[in-house]
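Novice: Submitted below is the structure of interest, expressed as structure tokens.
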Amino acid sequence: MSSVAVIDYGMGNLHSIAKALQHADPQTHVQISADANVIRNADRVVFPGVGAMRDCMQALHDLHLVEVIQQVAQHKPFLGICLGMQALLSDSEENGGINCLNLFPGHVRRFADHLCDEQGQPLKIPHMGWNRVKQKPHPLWRNIAQDSRFYFVHSYYANPDHEQDSIASTDYPRPFTCALARDNVFAVQFHPEKSQAVGLQLLQNFLCWDGTS
Amino acid sequence: MSLAKRIIPCLDVDNGRVVKGVQFVDIRDAGDPVEIARRYDLEGADEITFLDITATHDNRDTIVHVVEQVASEVFIPLTVGGGIRTLEDIRRMLNAGADKVGINSAAVFNPEFVNQAAEKFGSQCIVVAIDAKKVSQSGEENRWEIFTHGGRKPTGINAVEWAVKMKDFGAGEILLTSMDRDGTKSGFDLLLTRAISEAVSIPVIASGGVGNLDHLADGIIEGKADAVLAASIFHFGEYTIEQAKRHMQSRGIEVRL
């Protein structure tokens, strides 16, 4: 039986992601944990999170999880979600500028104020709701149609330095990177655990992924 | 533009049972919120909102169990409103599997509560519910006020100013109900919806008064809402969520199908 650790560092509600992982594969052993040993011993690691980046990085430092995350992200299938994706970049504009984990060179930016859509309607921030995801080839998109809608809720977005790290994009109103991938690491801005059938498919794909692209 | 406008069915739950009547032909137990939520999920609901109207404090646990059950099999965003007064109330709902909580009268009595809740749990899960009623006379400029206690008690607070204040205090979304239209089936108060949606930079959910599918589309097109919430048109099996989405699409609105 394979296992997946959901990193618990106090940033948001982890029950949804744990329940969705269990639903996606009832055979997988799902553990919510802040324990370095549990995280190191799991076959796969999920790094979720909602809230502010300053609190996120502070919690990771306080719980001594920075090094653990950097280690497991070297070789285990690893899935970052929402704030757990943004934290993988070099730094974020949020809270006046915060250094992040630097697994993907690049910056986290805030959506500009007063953006408008093609009809001139003002766009709301947070970007909240179901939006289309334009995917590039990757095993985690298996059985998920191009341009499927996933559920988003965020005010900041990842802007990676290297185009090849971006594995999907979404328009709001301009395209932004909504998924990152390199080797065994995959990360998404949207919430697969709240994206109904397509989200569960992505989690199922992750739970049988060996970390090679 | 590809962000879909959302349709959110709302279930009024009293002591763990859906009230206001729900009729689906192939559902045996029409009052079971879990069964109804499952059905709405299959029909393509973008989110589901539970409004707990249980009067007694002792029976509040029932909504927690409802949310727990729904959250373990329905994987779309879930909002719980009704009786949310403390940070502990919010924590219990989020731990049960809710993604957002609706704060209504507690925000009116203590606006700082919204601030504290947003700081603690993040704006993304704080929905401020506003019950507004038109108070201007004909001939005057439109003016709406906040009412509490199910629309019975006026507060003297201007609804548009209140929405802006709640956004500044950290609300991530506004659930706006017209008390004049609620239950009338005569459509949203479109002027109110538009006034608030244009005044705030956060998403606005229109609520109160939906009687047919054009009302939903009007809320988006004329009211400028980001999402529309309805209860009875879905409960009584008049329309399915999918029909509502197809109709909105036929009027040029982007929806998730």
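Naming scheme: A, B, ... for chains in displayed order of the structure tokens; residues 1 onward per chain; ligands 1 onward as shown.
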Would you tabulate, counting only C-alpha atoms, all residues of chain B that have an atom at most 8 Å from an atom of chain A, showing the closest pair of atoms and their distance in Å to one decimal, sorted by chain then ascending number, as a Markdown table?

Specialist:
```
| residue | atom | partner | partner_atom | distance |
| --- | --- | --- | --- | --- |
| B:Met1 | CA | A:Asp117 | CA | 6.0 |
| B:Ser2 | CA | A:Asn131 | CA | 5.8 |
| B:Leu3 | CA | A:Asn131 | CA | 4.5 |
| B:Ala4 | CA | A:Trp130 | CA | 5.6 |
| B:Lys5 | CA | A:Gly129 | CA | 7.6 |
| B:Arg6 | CA | A:Gly129 | CA | 7.0 |
| B:Asp46 | CA | A:Trp130 | CA | 7.7 |
| B:Ala71 | CA | A:Ser16 | CA | 7.0 |
| B:Ser72 | CA | A:Lys19 | CA | 5.8 |
| B:Glu73 | CA | A:His23 | CA | 7.5 |
| B:Val74 | CA | A:Gln196 | CA | 7.4 |
| B:Phe75 | CA | A:Lys194 | CA | 4.8 |
| B:Ile76 | CA | A:Lys194 | CA | 4.3 |
| B:Pro77 | CA | A:Lys194 | CA | 5.7 |
| B:Leu94 | CA | A:Asn13 | CA | 6.3 |
| B:Asn95 | CA | A:Asn13 | CA | 6.4 |
| B:Ala96 | CA | A:His15 | CA | 7.7 |
| B:Gly97 | CA | A:Ser16 | CA | 5.8 |
| B:Asp99 | CA | A:Asn13 | CA | 7.8 |
| B:Phe121 | CA | A:Gly12 | CA | 6.7 |
| B:Gly122 | CA | A:Gly51 | CA | 4.8 |
| B:Ser123 | CA | A:Gly51 | CA | 7.7 |
| B:Gln124 | CA | A:Val153 | CA | 6.7 |
| B:Gly172 | CA | A:Pro126 | CA | 7.1 |
| B:Ser201 | CA | A:Lys124 | CA | 5.2 |
| B:Ile202 | CA | A:Lys124 | CA | 5.1 |
| B:Pro203 | CA | A:Lys124 | CA | 5.7 |
| B:Arg256 | CA | A:Trp130 | CA | 7.0 |
```

Novice: Tell me which protein, DNA and RNA residues are within 10 Å of Phe50 in chain B, counting only C-alpha atoms, leaving out same-chain ones fewer than 2 positions away, and put them as a list in words.

Specialist: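 Listing them by chain and then by number gives Pro9, Cys10, Leu11, Asp12, Val13, Val18, Pro33, Ala37, Ile48, Asp52, Ile53, Ile63, Val66, Val67, Leu78, Thr79, Val80, Gly81, Gly82, Ala98, Val101 and Gly102 of chain B.
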
Novice: Using N, CA, C and O atoms, can you export the residues from the last selection as a tab-separated table (two decimals), in the first residue's frame?

Specialist:
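Written output follows (result.tsv):
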```
chain	number	residue	atom	x	y	z
B	9	PRO	N	-26.70	26.69	-5.58
B	9	PRO	CA	-27.95	26.36	-4.88
B	9	PRO	C	-27.75	26.50	-3.38
B	9	PRO	O	-26.66	26.23	-2.86
B	10	CYS	N	-28.79	26.94	-2.71
B	10	CYS	CA	-28.72	27.17	-1.26
B	10	CYS	C	-29.73	26.25	-0.56
B	10	CYS	O	-30.88	26.16	-0.97
B	11	LEU	N	-29.26	25.58	0.49
B	11	LEU	CA	-30.14	24.71	1.28
B	11	LEU	C	-30.34	25.32	2.66
B	11	LEU	O	-29.38	25.55	3.38
B	12	ASP	N	-31.59	25.57	3.02
B	12	ASP	CA	-31.89	26.02	4.38
B	12	ASP	C	-32.03	24.79	5.25
B	12	ASP	O	-32.88	23.92	4.99
B	13	VAL	N	-31.18	24.70	6.28
B	13	VAL	CA	-31.16	23.49	7.10
B	13	VAL	C	-31.62	23.82	8.52
B	13	VAL	O	-31.10	24.75	9.15
B	18	VAL	N	-33.36	19.64	5.52
B	18	VAL	CA	-33.63	20.74	4.61
B	18	VAL	C	-35.10	21.14	4.72
B	18	VAL	O	-35.98	20.29	4.67
B	33	PRO	N	-30.15	16.66	3.54
B	33	PRO	CA	-29.24	17.60	2.88
B	33	PRO	C	-28.09	16.91	2.14
B	33	PRO	O	-27.63	17.42	1.13
B	37	ALA	N	-27.43	17.59	-1.71
B	37	ALA	CA	-26.14	18.15	-2.13
B	37	ALA	C	-25.50	17.27	-3.20
B	37	ALA	O	-24.95	17.75	-4.18
B	48	ILE	N	-22.00	24.90	-3.22
B	48	ILE	CA	-23.25	24.69	-2.50
B	48	ILE	C	-23.18	25.50	-1.20
B	48	ILE	O	-22.14	25.53	-0.54
B	52	ASP	N	-27.80	27.51	7.99
B	52	ASP	CA	-28.31	26.84	9.19
B	52	ASP	C	-29.29	27.76	9.89
B	52	ASP	O	-28.90	28.81	10.41
B	53	ILE	N	-30.55	27.36	9.91
B	53	ILE	CA	-31.56	28.20	10.57
B	53	ILE	C	-32.04	27.57	11.87
B	53	ILE	O	-33.06	27.96	12.42
B	63	ILE	N	-25.53	20.65	11.99
B	63	ILE	CA	-25.02	21.19	10.72
B	63	ILE	C	-23.56	20.74	10.51
B	63	ILE	O	-23.14	20.50	9.38
B	66	VAL	N	-23.70	17.38	9.01
B	66	VAL	CA	-24.13	17.49	7.61
B	66	VAL	C	-22.94	17.87	6.72
B	66	VAL	O	-22.67	17.24	5.70
B	67	VAL	N	-22.21	18.89	7.15
B	67	VAL	CA	-21.06	19.36	6.36
B	67	VAL	C	-20.01	18.26	6.25
B	67	VAL	O	-19.45	18.02	5.17
B	78	LEU	N	-17.89	24.44	-0.52
B	78	LEU	CA	-19.06	24.43	0.36
B	78	LEU	C	-19.00	25.63	1.29
B	78	LEU	O	-17.96	25.90	1.88
B	79	THR	N	-20.12	26.34	1.40
B	79	THR	CA	-20.21	27.49	2.30
B	79	THR	C	-21.26	27.21	3.35
B	79	THR	O	-22.30	26.64	3.04
B	80	VAL	N	-20.98	27.59	4.59
B	80	VAL	CA	-21.97	27.44	5.66
B	80	VAL	C	-22.21	28.80	6.29
B	80	VAL	O	-21.27	29.49	6.69
B	81	GLY	N	-23.48	29.18	6.37
B	81	GLY	CA	-23.85	30.43	7.04
B	81	GLY	C	-24.90	30.16	8.09
B	81	GLY	O	-25.44	29.06	8.17
B	82	GLY	N	-25.17	31.18	8.91
B	82	GLY	CA	-26.18	31.02	9.96
B	82	GLY	C	-25.54	30.74	11.29
B	82	GLY	O	-24.91	29.70	11.47
B	98	ALA	N	-16.10	22.66	5.50
B	98	ALA	CA	-16.56	23.84	4.77
B	98	ALA	C	-15.35	24.59	4.23
B	98	ALA	O	-14.27	24.56	4.82
B	101	VAL	N	-17.25	30.45	5.21
B	101	VAL	CA	-18.36	30.69	6.13
B	101	VAL	C	-19.00	32.03	5.80
B	101	VAL	O	-18.34	32.96	5.37
B	102	GLY	N	-20.31	32.08	5.99
B	102	GLY	CA	-21.05	33.32	5.79
B	102	GLY	C	-21.26	33.99	7.14
B	102	GLY	O	-21.79	33.37	8.06
```

Novice: Kindly indicate which residue among A:Val38, A:Leu21, A:Val46, A:Ile144 lies nearest to Ile7 in chain A, using only C-alpha atoms for the distances.

Specialist: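 Comparing A:Val38, A:Leu21, A:Val46, A:Ile144 against Ile7 in chain A, the winner is A:Val46.
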
Novice: Pick out each residue of range 23-152 of chain B that DSSP on the backbone tags as strand (DSSP E); I need them as a list in words.

Specialist: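 Everything in range 23-152 of chain B that counts as strand (DSSP E) is Ile48, Thr49, Phe50, Leu51, Asp52, Leu78, Thr79, Val80, Gly81, Lys100, Val101, Gly102, Ile103, Ile126, Val127, Val128, Ala129, Ile130, Asp131, Ala132, Lys133, Lys134, Trp144, Glu145, Ile146, Phe147 and Thr148 of chain B.
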
Novice: DSSP on the backbone: what in range 61-256 of chain B comes out alpha helix (DSSP H), as a PyMOL selection string?

Specialist: chain B and resi 61-71+87-96+105-109+112-121+159-168+190-199+213-221+232-235+241-250
